[in-house]
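Listing of structure26.pdb, PDB, C-alpha atoms
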ATOM      1  CA  MET A  14    -113.552  -1.549 123.145
ATOM      2  CA  ASN A  15    -110.938   0.713 121.687
ATOM      3  CA  TYR A  16    -112.019   4.128 120.395
ATOM      4  CA  PRO A  17    -109.967   6.461 118.173
ATOM      5  CA  ILE A  18    -110.237   9.974 119.618
ATOM      6  CA  ILE A  19    -108.850  13.326 118.499
ATOM      7  CA  VAL A  20    -108.244  16.172 120.948
ATOM      8  CA  ASP A  21    -108.059  19.604 119.309
ATOM      9  CA  VAL A  22    -106.266  22.353 121.219
ATOM     10  CA  THR A  23    -106.763  25.900 119.963
ATOM     11  CA  LEU A  24    -105.841  29.284 121.350
ATOM     12  CA  ARG A  25    -108.714  31.169 122.964
ATOM     13  CA  GLU A  26    -110.190  34.177 121.175
ATOM     14  CA  GLY A  27    -108.149  37.281 121.843
ATOM     15  CA  ILE A  28    -104.940  35.440 122.716
ATOM     16  CA  ALA A  29    -102.089  36.561 120.452
ATOM     17  CA  ASP A  30    -101.014  33.909 117.945
ATOM     18  CA  PRO A  31     -97.562  34.833 116.562
ATOM     19  CA  GLU A  32     -97.313  31.631 114.488
ATOM     20  CA  GLY A  33    -100.645  32.239 112.766
ATOM     21  CA  ALA A  34     -99.832  35.924 112.253
ATOM     22  CA  THR A  35     -96.472  35.077 110.681
ATOM     23  CA  ILE A  36     -98.057  32.592 108.276
ATOM     24  CA  GLU A  37    -100.739  35.112 107.341
ATOM     25  CA  ARG A  38     -98.146  37.806 106.638
ATOM     26  CA  ALA A  39     -96.134  35.473 104.400
ATOM     27  CA  LEU A  40     -99.064  34.345 102.247
ATOM     28  CA  PRO A  41     -99.383  37.240  99.737
ATOM     29  CA  ALA A  42     -95.688  37.020  98.781
ATOM     30  CA  LEU A  43     -96.196  33.307  98.091
ATOM     31  CA  GLY A  44     -99.152  33.884  95.787
ATOM     32  CA  PHE A  45    -102.000  33.199  98.210
ATOM     33  CA  ASN A  46    -104.497  36.031  98.496
ATOM     34  CA  GLY A  47    -107.773  36.397 100.338
ATOM     35  CA  ILE A  48    -106.744  34.330 103.353
ATOM     36  CA  SER A  49    -107.355  35.828 106.791
ATOM     37  CA  HIS A  50    -107.670  34.928 110.450
ATOM     38  CA  VAL A  51    -104.993  32.230 110.375
ATOM     39  CA  ARG A  52    -104.775  30.547 113.790
ATOM     40  CA  ALA A  53    -102.355  27.770 114.659
ATOM     41  CA  GLY A  54    -103.351  24.934 116.964
ATOM     42  CA  LYS A  55    -102.396  21.437 118.021
ATOM     43  CA  SER A  56    -104.094  18.099 117.733
ATOM     44  CA  PHE A  57    -103.553  14.788 119.474
ATOM     45  CA  ARG A  58    -104.828  11.500 118.122
ATOM     46  CA  MET A  59    -105.026   8.489 120.432
ATOM     47  CA  ASN A  60    -106.797   5.186 121.015
ATOM     48  CA  ILE A  61    -108.713   4.903 124.290
ATOM     49  CA  ASP A  62    -109.958   1.684 125.889
ATOM     50  CA  ALA A  63    -113.417   2.356 127.327
ATOM     51  CA  GLU A  64    -116.842   0.792 127.723
ATOM     52  CA  ASP A  65    -118.412   3.046 125.124
ATOM     53  CA  GLU A  66    -117.581   6.039 123.009
ATOM     54  CA  SER A  67    -119.002   8.630 125.392
ATOM     55  CA  SER A  68    -116.772   7.266 128.203
ATOM     56  CA  ALA A  69    -113.780   7.458 125.855
ATOM     57  CA  LEU A  70    -114.664  11.076 125.032
ATOM     58  CA  ALA A  71    -114.989  11.902 128.753
ATOM     59  CA  ILE A  72    -111.535  10.421 129.451
ATOM     60  CA  ALA A  73    -110.113  12.408 126.520
ATOM     61  CA  ALA A  74    -111.745  15.627 127.755
ATOM     62  CA  ALA A  75    -110.224  15.156 131.240
ATOM     63  CA  LEU A  76    -106.843  14.405 129.708
ATOM     64  CA  ALA A  77    -107.115  17.447 127.453
ATOM     65  CA  GLN A  78    -107.864  19.753 130.389
ATOM     66  CA  ARG A  79    -105.197  18.350 132.698
ATOM     67  CA  LEU A  80    -102.347  17.581 130.349
ATOM     68  CA  LEU A  81    -102.687  18.573 126.747
ATOM     69  CA  SER A  82    -103.770  22.183 127.085
ATOM     70  CA  ASN A  83    -103.177  25.271 129.142
ATOM     71  CA  PRO A  84    -106.777  26.221 130.074
ATOM     72  CA  VAL A  85    -105.753  29.823 130.758
ATOM     73  CA  ILE A  86    -105.037  30.484 127.079
ATOM     74  CA  GLU A  87    -106.320  27.424 125.220
ATOM     75  CA  ASN A  88    -109.566  25.604 124.494
ATOM     76  CA  ALA A  89    -109.518  21.830 124.193
ATOM     77  CA  THR A  90    -112.225  19.683 122.638
ATOM     78  CA  ALA A  91    -112.396  15.934 122.167
ATOM     79  CA  ARG A  92    -114.076  14.269 119.186
ATOM     80  CA  SER A  93    -114.316  10.820 117.719
ATOM     81  CA  ALA A  94    -111.815  10.144 114.932
ATOM     82  CA  ALA A  95    -114.104   7.444 113.539
ATOM     83  CA  LYS A  96    -116.646  10.020 112.343
ATOM     84  CA  GLY A  97    -113.916  11.614 110.224
TER      85      GLY A  97
ATOM     86  CA  MET B   9    -117.771  34.317  99.923
ATOM     87  CA  ASN B  10    -115.620  33.622 102.918
ATOM     88  CA  TYR B  11    -115.184  30.001 104.009
ATOM     89  CA  PRO B  12    -113.755  28.812 107.340
ATOM     90  CA  ILE B  13    -111.268  26.022 106.627
ATOM     91  CA  ILE B  14    -109.155  23.817 108.891
ATOM     92  CA  VAL B  15    -105.921  22.232 107.691
ATOM     93  CA  ASP B  16    -104.821  19.215 109.742
ATOM     94  CA  VAL B  17    -101.154  18.248 109.604
ATOM     95  CA  THR B  18    -100.230  14.838 111.005
ATOM     96  CA  LEU B  19     -97.063  12.781 110.944
ATOM     97  CA  ARG B  20     -97.060   9.960 108.408
ATOM     98  CA  GLU B  21     -97.362   6.367 109.641
ATOM     99  CA  GLY B  22     -93.981   5.048 110.723
ATOM    100  CA  ILE B  23     -92.421   8.451 111.380
ATOM    101  CA  ALA B  24     -91.179   8.686 114.977
ATOM    102  CA  ASP B  25     -93.255  10.994 117.166
ATOM    103  CA  PRO B  26     -91.267  11.858 120.308
ATOM    104  CA  GLU B  27     -93.930  14.261 121.590
ATOM    105  CA  GLY B  28     -96.695  11.666 121.341
ATOM    106  CA  ALA B  29     -94.449   8.978 122.846
ATOM    107  CA  THR B  30     -93.568  11.210 125.799
ATOM    108  CA  ILE B  31     -97.229  11.987 126.499
ATOM    109  CA  GLU B  32     -98.115   8.288 126.272
ATOM    110  CA  ARG B  33     -95.343   7.355 128.716
ATOM    111  CA  ALA B  34     -96.508   9.971 131.233
ATOM    112  CA  LEU B  35    -100.160   8.924 131.252
ATOM    113  CA  PRO B  36    -100.164   5.926 133.663
ATOM    114  CA  ALA B  37     -98.386   7.934 136.377
ATOM    115  CA  LEU B  38    -101.086  10.591 136.022
ATOM    116  CA  GLY B  39    -103.929   8.134 136.440
ATOM    117  CA  PHE B  40    -104.849   7.585 132.792
ATOM    118  CA  ASN B  41    -104.792   3.950 131.722
ATOM    119  CA  GLY B  42    -105.731   2.200 128.503
ATOM    120  CA  ILE B  43    -104.561   4.996 126.208
ATOM    121  CA  SER B  44    -102.320   4.036 123.303
ATOM    122  CA  HIS B  45    -101.019   5.253 119.950
ATOM    123  CA  VAL B  46    -100.795   8.900 120.985
ATOM    124  CA  ARG B  47     -99.734  11.009 117.980
ATOM    125  CA  ALA B  48     -99.200  14.761 118.083
ATOM    126  CA  GLY B  49    -100.142  16.960 115.142
ATOM    127  CA  LYS B  50    -100.846  20.540 114.171
ATOM    128  CA  SER B  51    -103.904  22.316 112.905
ATOM    129  CA  PHE B  52    -104.408  25.640 111.168
ATOM    130  CA  ARG B  53    -107.731  27.427 111.028
ATOM    131  CA  MET B  54    -108.252  30.196 108.484
ATOM    132  CA  ASN B  55    -110.877  32.057 106.479
ATOM    133  CA  ILE B  56    -110.523  31.830 102.694
ATOM    134  CA  ASP B  57    -112.208  34.095 100.147
ATOM    135  CA  ALA B  58    -113.323  31.928  97.237
ATOM    136  CA  GLU B  59    -116.183  31.423  94.784
ATOM    137  CA  ASP B  60    -117.385  28.268  96.477
ATOM    138  CA  GLU B  61    -116.358  25.880  99.216
ATOM    139  CA  SER B  62    -114.594  23.399  96.927
ATOM    140  CA  SER B  63    -112.388  26.222  95.566
ATOM    141  CA  ALA B  64    -111.591  27.266  99.135
ATOM    142  CA  LEU B  65    -110.642  23.666  99.981
ATOM    143  CA  ALA B  66    -108.429  23.465  96.871
ATOM    144  CA  ILE B  67    -106.604  26.678  97.889
ATOM    145  CA  ALA B  68    -106.178  25.297 101.413
ATOM    146  CA  ALA B  69    -104.846  21.979 100.092
ATOM    147  CA  ALA B  70    -102.242  23.786  97.936
ATOM    148  CA  LEU B  71    -101.261  25.974 100.884
ATOM    149  CA  ALA B  72    -101.008  22.913 103.143
ATOM    150  CA  GLN B  73     -98.679  21.136 100.720
ATOM    151  CA  ARG B  74     -96.464  24.131  99.982
ATOM    152  CA  LEU B  75     -96.285  25.884 103.313
ATOM    153  CA  LEU B  76     -97.902  24.263 106.299
ATOM    154  CA  SER B  77     -96.492  20.762 106.068
ATOM    155  CA  ASN B  78     -93.330  18.897 105.216
ATOM    156  CA  PRO B  79     -94.655  16.345 102.693
ATOM    157  CA  VAL B  80     -91.691  14.041 103.313
ATOM    158  CA  ILE B  81     -92.829  13.246 106.839
ATOM    159  CA  GLU B  82     -96.312  14.750 107.159
ATOM    160  CA  ASN B  83     -99.791  14.364 105.703
ATOM    161  CA  ALA B  84    -101.952  17.451 105.320
ATOM    162  CA  THR B  85    -105.695  17.481 104.776
ATOM    163  CA  ALA B  86    -108.087  20.407 104.419
ATOM    164  CA  ARG B  87    -111.664  20.334 105.676
ATOM    165  CA  SER B  88    -114.470  22.797 106.161
ATOM    166  CA  ALA B  89    -114.708  24.208 109.684
ATOM    167  CA  ALA B  90    -118.386  24.963 109.139
ATOM    168  CA  LYS B  91    -119.277  21.250 109.222
ATOM    169  CA  GLY B  92    -117.803  21.025 112.715
TER     170      GLY B  92
END

C-alpha cells encoding of this file:
Amino acid sequence: MNYPIIVDVTLREGIADPEGATIERALPALGFNGISHVRAGKSFRMNIDAEDESSALAIAAALAQRLLSNPVIENATARSAAKG
Amino acid sequence: MNYPIIVDVTLREGIADPEGATIERALPALGFNGISHVRAGKSFRMNIDAEDESSALAIAAALAQRLLSNPVIENATARSAAKG
C-alpha cells in the first residue's frame, strides 16, 4: 500500500530564527497586530510504499532524522497526510 | 485569547519542485526505496491574539495570502496548532 506522509521540520526551542523574527517585525507595518512567536519551518510531503501506515511513518521518521533535518538544531516529526 | 496557529505553504500541483525532485533522486542511493512524489513546502507557526479561534484562523489566512505565500505558485492553508 501507498501512504501519504508529511514530515514537519521545525527549529528547536531556543535556536535563533531570523526568518521568523523578520516576518514578525514586518507585521505591524502591514496592518497585522497581536501576532507573536513567529517561527519558520519546512515540510515535506511524500508517498511511501509500506505494509501498513505505522511502517510508513517509521520509514519517514528515519528519513527525517537522516536526511531532511539537522538534529542538532531541528526537530522532525512524521504524520499521516490522510488524517488531514 | 491567544491561539497557536500553523500556516502551511505548499507548491501548487504542476509547479516544478526542484528541491523535492532532488531529495527523491537521492533516496535510493541512501537505502530508502518505494518513496515517491516528494514535495517540499514551508510552514509558519505563530501565536495570534483574537476573540476566538475562527477569527485567529481568518487573520492567519489573510496573512498567508498577503505575506507568507506567492499565490501564483503556492497554496496556503491555516490550521490550529492546538489540535496537533

Show me, as AutoDock Vina command-line options, the centre and edge lengths in Å to one decimal of the axis-aligned box that covers every listed atom of range 16-31 of chain B with 4 Å on each side.
--center_x -98.0 --center_y 12.1 --center_z 117.5 --size_x 21.6 --size_y 22.2 --size_z 26.1

Exercise for review: Go through the shown structure with the PyMOL selection byres ((chain B) within 6 of (chain A)) and write out the matching residues as an MDAnalysis selection string.
Suggested key: chainID B and resid 42:57

Review point. Where does the PyMOL selection byres ((chain B and resi 83) around 7) land in this file, that is, which residues does it pick, as number ranges by chain?
Key: B: 17-20, 79, 82, 84-85

Residues from the last selection, C-alpha atoms, saved as an mmCIF file, keeping the file's coordinate frame:
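again.cif, written as the output of this step:
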data_model
loop_
_atom_site.group_PDB
_atom_site.id
_atom_site.type_symbol
_atom_site.label_atom_id
_atom_site.label_comp_id
_atom_site.auth_asym_id
_atom_site.auth_seq_id
_atom_site.Cartn_x
_atom_site.Cartn_y
_atom_site.Cartn_z
ATOM 1 C CA VAL B 17 -101.154 18.248 109.604
ATOM 2 C CA THR B 18 -100.230 14.838 111.005
ATOM 3 C CA LEU B 19 -97.063 12.781 110.944
ATOM 4 C CA ARG B 20 -97.060 9.960 108.408
ATOM 5 C CA PRO B 79 -94.655 16.345 102.693
ATOM 6 C CA GLU B 82 -96.312 14.750 107.159
ATOM 7 C CA ALA B 84 -101.952 17.451 105.320
ATOM 8 C CA THR B 85 -105.695 17.481 104.776
#

What would you get as a PDB file with C-alpha atoms, keeping the file's coordinate frame if chain A were moved onto chain B by least squares over all of its C-alpha atoms in order?
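The resulting file, result22.pdb, is shown below:
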ATOM      1  CA  MET A  14    -117.754  34.332  99.922  1.00  0.00           C
ATOM      2  CA  ASN A  15    -115.616  33.625 102.923  1.00  0.00           C
ATOM      3  CA  TYR A  16    -115.167  30.003 104.010  1.00  0.00           C
ATOM      4  CA  PRO A  17    -113.765  28.801 107.354  1.00  0.00           C
ATOM      5  CA  ILE A  18    -111.270  26.016 106.632  1.00  0.00           C
ATOM      6  CA  ILE A  19    -109.160  23.809 108.887  1.00  0.00           C
ATOM      7  CA  VAL A  20    -105.918  22.222 107.688  1.00  0.00           C
ATOM      8  CA  ASP A  21    -104.823  19.209 109.743  1.00  0.00           C
ATOM      9  CA  VAL A  22    -101.152  18.248 109.607  1.00  0.00           C
ATOM     10  CA  THR A  23    -100.233  14.839 111.001  1.00  0.00           C
ATOM     11  CA  LEU A  24     -97.065  12.794 110.942  1.00  0.00           C
ATOM     12  CA  ARG A  25     -97.048   9.974 108.401  1.00  0.00           C
ATOM     13  CA  GLU A  26     -97.341   6.387 109.615  1.00  0.00           C
ATOM     14  CA  GLY A  27     -93.983   5.050 110.701  1.00  0.00           C
ATOM     15  CA  ILE A  28     -92.425   8.451 111.376  1.00  0.00           C
ATOM     16  CA  ALA A  29     -91.181   8.671 114.970  1.00  0.00           C
ATOM     17  CA  ASP A  30     -93.257  10.995 117.151  1.00  0.00           C
ATOM     18  CA  PRO A  31     -91.258  11.855 120.305  1.00  0.00           C
ATOM     19  CA  GLU A  32     -93.935  14.263 121.590  1.00  0.00           C
ATOM     20  CA  GLY A  33     -96.693  11.662 121.334  1.00  0.00           C
ATOM     21  CA  ALA A  34     -94.451   8.977 122.840  1.00  0.00           C
ATOM     22  CA  THR A  35     -93.568  11.212 125.789  1.00  0.00           C
ATOM     23  CA  ILE A  36     -97.227  11.981 126.491  1.00  0.00           C
ATOM     24  CA  GLU A  37     -98.109   8.295 126.269  1.00  0.00           C
ATOM     25  CA  ARG A  38     -95.348   7.353 128.711  1.00  0.00           C
ATOM     26  CA  ALA A  39     -96.500   9.968 131.228  1.00  0.00           C
ATOM     27  CA  LEU A  40    -100.164   8.938 131.240  1.00  0.00           C
ATOM     28  CA  PRO A  41    -100.153   5.942 133.650  1.00  0.00           C
ATOM     29  CA  ALA A  42     -98.385   7.951 136.380  1.00  0.00           C
ATOM     30  CA  LEU A  43    -101.088  10.613 136.027  1.00  0.00           C
ATOM     31  CA  GLY A  44    -103.931   8.138 136.448  1.00  0.00           C
ATOM     32  CA  PHE A  45    -104.852   7.589 132.801  1.00  0.00           C
ATOM     33  CA  ASN A  46    -104.792   3.960 131.724  1.00  0.00           C
ATOM     34  CA  GLY A  47    -105.735   2.213 128.512  1.00  0.00           C
ATOM     35  CA  ILE A  48    -104.567   4.998 126.210  1.00  0.00           C
ATOM     36  CA  SER A  49    -102.314   4.037 123.305  1.00  0.00           C
ATOM     37  CA  HIS A  50    -101.044   5.250 119.956  1.00  0.00           C
ATOM     38  CA  VAL A  51    -100.802   8.903 120.979  1.00  0.00           C
ATOM     39  CA  ARG A  52     -99.740  11.005 117.979  1.00  0.00           C
ATOM     40  CA  ALA A  53     -99.202  14.750 118.071  1.00  0.00           C
ATOM     41  CA  GLY A  54    -100.145  16.951 115.136  1.00  0.00           C
ATOM     42  CA  LYS A  55    -100.846  20.531 114.161  1.00  0.00           C
ATOM     43  CA  SER A  56    -103.905  22.312 112.904  1.00  0.00           C
ATOM     44  CA  PHE A  57    -104.408  25.635 111.175  1.00  0.00           C
ATOM     45  CA  ARG A  58    -107.735  27.417 111.032  1.00  0.00           C
ATOM     46  CA  MET A  59    -108.252  30.194 108.490  1.00  0.00           C
ATOM     47  CA  ASN A  60    -110.873  32.060 106.481  1.00  0.00           C
ATOM     48  CA  ILE A  61    -110.515  31.832 102.700  1.00  0.00           C
ATOM     49  CA  ASP A  62    -112.205  34.091 100.147  1.00  0.00           C
ATOM     50  CA  ALA A  63    -113.318  31.922  97.225  1.00  0.00           C
ATOM     51  CA  GLU A  64    -116.174  31.430  94.789  1.00  0.00           C
ATOM     52  CA  ASP A  65    -117.369  28.272  96.490  1.00  0.00           C
ATOM     53  CA  GLU A  66    -116.347  25.885  99.207  1.00  0.00           C
ATOM     54  CA  SER A  67    -114.595  23.403  96.932  1.00  0.00           C
ATOM     55  CA  SER A  68    -112.377  26.222  95.565  1.00  0.00           C
ATOM     56  CA  ALA A  69    -111.588  27.268  99.141  1.00  0.00           C
ATOM     57  CA  LEU A  70    -110.650  23.667  99.982  1.00  0.00           C
ATOM     58  CA  ALA A  71    -108.422  23.464  96.879  1.00  0.00           C
ATOM     59  CA  ILE A  72    -106.605  26.670  97.892  1.00  0.00           C
ATOM     60  CA  ALA A  73    -106.179  25.288 101.424  1.00  0.00           C
ATOM     61  CA  ALA A  74    -104.840  21.973 100.094  1.00  0.00           C
ATOM     62  CA  ALA A  75    -102.239  23.793  97.947  1.00  0.00           C
ATOM     63  CA  LEU A  76    -101.270  25.968 100.892  1.00  0.00           C
ATOM     64  CA  ALA A  77    -101.012  22.921 103.142  1.00  0.00           C
ATOM     65  CA  GLN A  78     -98.681  21.133 100.720  1.00  0.00           C
ATOM     66  CA  ARG A  79     -96.470  24.132  99.995  1.00  0.00           C
ATOM     67  CA  LEU A  80     -96.292  25.892 103.328  1.00  0.00           C
ATOM     68  CA  LEU A  81     -97.907  24.261 106.295  1.00  0.00           C
ATOM     69  CA  SER A  82     -96.481  20.763 106.069  1.00  0.00           C
ATOM     70  CA  ASN A  83     -93.327  18.901 105.229  1.00  0.00           C
ATOM     71  CA  PRO A  84     -94.653  16.339 102.697  1.00  0.00           C
ATOM     72  CA  VAL A  85     -91.677  14.046 103.312  1.00  0.00           C
ATOM     73  CA  ILE A  86     -92.826  13.244 106.851  1.00  0.00           C
ATOM     74  CA  GLU A  87     -96.307  14.745 107.162  1.00  0.00           C
ATOM     75  CA  ASN A  88     -99.786  14.364 105.704  1.00  0.00           C
ATOM     76  CA  ALA A  89    -101.953  17.444 105.317  1.00  0.00           C
ATOM     77  CA  THR A  90    -105.703  17.478 104.775  1.00  0.00           C
ATOM     78  CA  ALA A  91    -108.090  20.390 104.415  1.00  0.00           C
ATOM     79  CA  ARG A  92    -111.676  20.332 105.686  1.00  0.00           C
ATOM     80  CA  SER A  93    -114.480  22.785 106.164  1.00  0.00           C
ATOM     81  CA  ALA A  94    -114.713  24.203 109.687  1.00  0.00           C
ATOM     82  CA  ALA A  95    -118.403  24.946 109.139  1.00  0.00           C
ATOM     83  CA  LYS A  96    -119.304  21.243 109.217  1.00  0.00           C
ATOM     84  CA  GLY A  97    -117.806  21.033 112.709  1.00  0.00           C
TER      85      GLY A  97
END

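Taking CA of Pro31 in chain A and CA of Ser62 in chain B as endpoints, the distance between them is 28.4 Å.
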
Exercise for review: Please check which residues have atoms at most 10 Å from (-117.9, 9.4, 114.6) in the file's coordinates, counting all atoms listed in the file, and write them as a count of residues only.
Suggested key: 10

Exercise for review: Would you mind reading off the distance between CA of Ala86 in chain B and CA of Ser82 in chain A, one decimal, in Å?
Suggested key: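 Computing it gives 23.1 Å between the two atoms.
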
Exercise for review: In Å, rounded to a single decimal, give me how far CA of Pro36 in chain B is from CA of Leu70 in chain A.
Suggested key: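 Between CA of Leu70 in chain A and CA of Pro36 in chain B the gap works out to 17.6 Å.
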
Start from the incomplete input, build all heavy atoms for range 29-39 of chain A, and deliver everything as a PDB file, in the coordinates of the input.
ATOM      1  N   ALA A  29    -102.961  36.320 121.596  1.00  0.00           N
ATOM      2  CA  ALA A  29    -102.089  36.561 120.452  1.00  0.00           C
ATOM      3  C   ALA A  29    -101.536  35.240 119.917  1.00  0.00           C
ATOM      4  O   ALA A  29    -101.182  34.352 120.685  1.00  0.00           O
ATOM      5  CB  ALA A  29    -100.942  37.480 120.855  1.00  0.00           C
ATOM      6  N   ASP A  30    -101.490  35.130 118.581  1.00  0.00           N
ATOM      7  CA  ASP A  30    -101.014  33.909 117.945  1.00  0.00           C
ATOM      8  C   ASP A  30     -99.908  34.280 116.954  1.00  0.00           C
ATOM      9  O   ASP A  30    -100.158  34.488 115.769  1.00  0.00           O
ATOM     10  CB  ASP A  30    -102.187  33.236 117.227  1.00  0.00           C
ATOM     11  CG  ASP A  30    -101.768  31.965 116.510  1.00  0.00           C
ATOM     12  OD1 ASP A  30    -100.575  31.625 116.523  1.00  0.00           O
ATOM     13  OD2 ASP A  30    -102.646  31.319 115.920  1.00  0.00           O
ATOM     14  N   PRO A  31     -98.662  34.394 117.432  1.00  0.00           N
ATOM     15  CA  PRO A  31     -97.562  34.833 116.562  1.00  0.00           C
ATOM     16  C   PRO A  31     -97.341  33.890 115.376  1.00  0.00           C
ATOM     17  O   PRO A  31     -97.022  34.342 114.277  1.00  0.00           O
ATOM     18  CB  PRO A  31     -96.340  34.825 117.478  1.00  0.00           C
ATOM     19  CG  PRO A  31     -96.870  34.717 118.868  1.00  0.00           C
ATOM     20  CD  PRO A  31     -98.226  34.101 118.796  1.00  0.00           C
ATOM     21  N   GLU A  32     -97.534  32.584 115.586  1.00  0.00           N
ATOM     22  CA  GLU A  32     -97.313  31.631 114.488  1.00  0.00           C
ATOM     23  C   GLU A  32     -98.338  31.866 113.367  1.00  0.00           C
ATOM     24  O   GLU A  32     -97.970  31.971 112.200  1.00  0.00           O
ATOM     25  CB  GLU A  32     -97.409  30.186 115.017  1.00  0.00           C
ATOM     26  CG  GLU A  32     -97.095  29.151 113.952  1.00  0.00           C
ATOM     27  CD  GLU A  32     -97.141  27.720 114.494  1.00  0.00           C
ATOM     28  OE1 GLU A  32     -97.373  27.524 115.702  1.00  0.00           O
ATOM     29  OE2 GLU A  32     -96.956  26.796 113.669  1.00  0.00           O
ATOM     30  N   GLY A  33     -99.602  31.977 113.763  1.00  0.00           N
ATOM     31  CA  GLY A  33    -100.645  32.239 112.766  1.00  0.00           C
ATOM     32  C   GLY A  33    -100.427  33.570 112.067  1.00  0.00           C
ATOM     33  O   GLY A  33    -100.593  33.679 110.840  1.00  0.00           O
ATOM     34  N   ALA A  34    -100.039  34.590 112.830  1.00  0.00           N
ATOM     35  CA  ALA A  34     -99.832  35.924 112.253  1.00  0.00           C
ATOM     36  C   ALA A  34     -98.675  35.909 111.255  1.00  0.00           C
ATOM     37  O   ALA A  34     -98.739  36.558 110.201  1.00  0.00           O
ATOM     38  CB  ALA A  34     -99.562  36.932 113.373  1.00  0.00           C
ATOM     39  N   THR A  35     -97.629  35.159 111.576  1.00  0.00           N
ATOM     40  CA  THR A  35     -96.472  35.077 110.681  1.00  0.00           C
ATOM     41  C   THR A  35     -96.847  34.383 109.378  1.00  0.00           C
ATOM     42  O   THR A  35     -96.473  34.827 108.279  1.00  0.00           O
ATOM     43  CB  THR A  35     -95.326  34.312 111.375  1.00  0.00           C
ATOM     44  OG1 THR A  35     -95.006  34.992 112.583  1.00  0.00           O
ATOM     45  CG2 THR A  35     -94.093  34.259 110.496  1.00  0.00           C
ATOM     46  N   ILE A  36     -97.599  33.295 109.482  1.00  0.00           N
ATOM     47  CA  ILE A  36     -98.057  32.592 108.276  1.00  0.00           C
ATOM     48  C   ILE A  36     -98.898  33.533 107.428  1.00  0.00           C
ATOM     49  O   ILE A  36     -98.691  33.670 106.217  1.00  0.00           O
ATOM     50  CB  ILE A  36     -98.868  31.334 108.656  1.00  0.00           C
ATOM     51  CG1 ILE A  36     -97.955  30.298 109.313  1.00  0.00           C
ATOM     52  CG2 ILE A  36     -99.571  30.738 107.442  1.00  0.00           C
ATOM     53  CD1 ILE A  36     -98.692  29.159 109.994  1.00  0.00           C
ATOM     54  N   GLU A  37     -99.838  34.228 108.082  1.00  0.00           N
ATOM     55  CA  GLU A  37    -100.739  35.112 107.341  1.00  0.00           C
ATOM     56  C   GLU A  37     -99.964  36.205 106.598  1.00  0.00           C
ATOM     57  O   GLU A  37    -100.277  36.537 105.456  1.00  0.00           O
ATOM     58  CB  GLU A  37    -101.745  35.733 108.321  1.00  0.00           C
ATOM     59  CG  GLU A  37    -102.910  36.397 107.633  1.00  0.00           C
ATOM     60  CD  GLU A  37    -104.039  36.733 108.610  1.00  0.00           C
ATOM     61  OE1 GLU A  37    -104.245  35.991 109.602  1.00  0.00           O
ATOM     62  OE2 GLU A  37    -104.697  37.756 108.381  1.00  0.00           O
ATOM     63  N   ARG A  38     -98.930  36.735 107.248  1.00  0.00           N
ATOM     64  CA  ARG A  38     -98.146  37.806 106.638  1.00  0.00           C
ATOM     65  C   ARG A  38     -97.344  37.294 105.447  1.00  0.00           C
ATOM     66  O   ARG A  38     -97.078  38.041 104.506  1.00  0.00           O
ATOM     67  CB  ARG A  38     -97.200  38.381 107.703  1.00  0.00           C
ATOM     68  CG  ARG A  38     -96.996  39.858 107.594  1.00  0.00           C
ATOM     69  CD  ARG A  38     -96.491  40.459 108.907  1.00  0.00           C
ATOM     70  NE  ARG A  38     -95.491  39.632 109.543  1.00  0.00           N
ATOM     71  CZ  ARG A  38     -95.514  39.271 110.835  1.00  0.00           C
ATOM     72  NH1 ARG A  38     -96.499  39.660 111.625  1.00  0.00           N
ATOM     73  NH2 ARG A  38     -94.550  38.545 111.337  1.00  0.00           N
ATOM     74  N   ALA A  39     -96.951  36.033 105.480  1.00  0.00           N
ATOM     75  CA  ALA A  39     -96.134  35.473 104.400  1.00  0.00           C
ATOM     76  C   ALA A  39     -96.956  35.104 103.167  1.00  0.00           C
ATOM     77  O   ALA A  39     -96.415  35.001 102.065  1.00  0.00           O
ATOM     78  CB  ALA A  39     -95.398  34.232 104.912  1.00  0.00           C
TER      79      ALA A  39
END
